Amino acid sequence: MAMNLLRQIAGSRLPMPFYRKEDIDGVRVLRAAGLVVALIRPASTDGSLAEAQVLAITQKGREELAKFGYPESRALRWRFRMPRIRSAAFIASTRKSSTPREPTKPH
């Protein structure tokens, strides 16, 4: 779970706040392992809730992310992308013809 949280943090804008108890516990684990720099404010008796704020990912955290292949290669996303629709004018302009064409004049 902690690595999933680290990936979520790496893909988000920092500083990143957390308010849920599970997330705060995950940030505590990451901070104890030296993977992130974080501030954790415990819940107080005056009614304020616990909060964690991740300020940065450490070099050790980046190395751990690299071990798990983060960031994933974006080439896979492009492979499944739908082909672009090309207009007849674009296709005609890219074809090589045996007769030279006259350059088009601006209107």
# chains A, B, ... in the order shown; residues from 1 in each chain; ligands from 1
$ residues_around --residues "A:Leu35" --least-positions-apart "2" --cutoff "10 Å" --atoms "only C-alpha atoms" --output "MDAnalysis selection string"
chainID A and resid 3 6 27 29:33 37:38 56:65
$ select_by_dssp --residues "stretch 19-72 of chain A" --states "strand (DSSP E or B)" --output "list in words"
Val36, Val37, Ala38, Leu39, Ile40, Arg41, Glu51, Ala52, Gln53, Val54, Leu55, Ala56 and Ile57 of chain A
$ write_last_selection --atoms "N, CA and C atoms" --output "compact mmCIF listing (two decimals), in the first residue's frame"
# COMPACT_ATOMS: atom_id res chain seq x y z
N VAL A 36 9.95 10.10 1.81
CA VAL A 36 9.34 11.42 1.61
C VAL A 36 9.72 12.35 2.75
N VAL A 37 9.61 13.64 2.48
CA VAL A 37 9.71 14.66 3.51
C VAL A 37 8.29 15.12 3.77
N ALA A 38 7.82 14.96 5.02
CA ALA A 38 6.43 15.25 5.31
C ALA A 38 6.28 15.86 6.70
N LEU A 39 5.24 16.66 6.83
CA LEU A 39 4.83 17.21 8.12
C LEU A 39 3.56 16.48 8.52
N ILE A 40 3.52 16.01 9.76
CA ILE A 40 2.34 15.31 10.25
C ILE A 40 1.88 15.98 11.53
N ARG A 41 0.67 16.50 11.47
CA ARG A 41 0.09 17.15 12.65
C ARG A 41 -0.92 16.20 13.27
N GLU A 51 -3.62 15.78 10.25
CA GLU A 51 -3.32 16.15 8.87
C GLU A 51 -1.87 15.80 8.58
N ALA A 52 -1.62 15.37 7.34
CA ALA A 52 -0.25 15.13 6.88
C ALA A 52 -0.07 15.90 5.58
N GLN A 53 1.12 16.44 5.42
CA GLN A 53 1.41 17.17 4.19
C GLN A 53 2.77 16.71 3.68
N VAL A 54 2.77 16.13 2.48
CA VAL A 54 4.02 15.68 1.87
C VAL A 54 4.61 16.86 1.12
N LEU A 55 5.85 17.19 1.47
CA LEU A 55 6.52 18.33 0.86
C LEU A 55 7.40 17.94 -0.32
N ALA A 56 8.02 16.75 -0.24
CA ALA A 56 8.93 16.33 -1.30
C ALA A 56 9.15 14.83 -1.25
N ILE A 57 9.61 14.28 -2.36
CA ILE A 57 10.05 12.89 -2.42
C ILE A 57 11.57 12.92 -2.37
$ residues_around --residues "A:Met1" --least-positions-apart "3" --cutoff "8 Å" --atoms "only C-alpha atoms" --output "PyMOL selection string"
chain A and resi 4-5+26
$ write_last_selection --atoms "C-alpha atoms" --output "CSV table (one decimal), in the first residue's frame"
chain,number,residue,atom,x,y,z
A,4,ASN,CA,0.9,2.8,-4.2
A,5,LEU,CA,0.7,5.9,-2.1
A,26,GLY,CA,0.8,5.6,4.9
$ closest_residue --among "A:Pro71, A:Asp23, A:Ser48, A:Ala43" --to "A:Gly11" --atoms "only C-alpha atoms"
A:Pro71
$ atom_distance --atom1 "atom CA of A:Ser44" --atom2 "atom CA of A:Arg20"
15.2 Å
$ closest_residue --among "A:Ile9, A:Leu49, A:Ala2, A:Ala66" --to "A:Asp25" --atoms "only C-alpha atoms"
A:Ala2
$ select_by_dssp --residues "stretch 8-39 of chain A" --states "helix (DSSP H, G or I)" --output "list in words"
Gln8, Ile9, Ala10, Lys21, Glu22, Asp23, Ile24, Asp25, Gly26, Val27, Arg28, Val29, Leu30, Arg31 and Ala32 of chain A
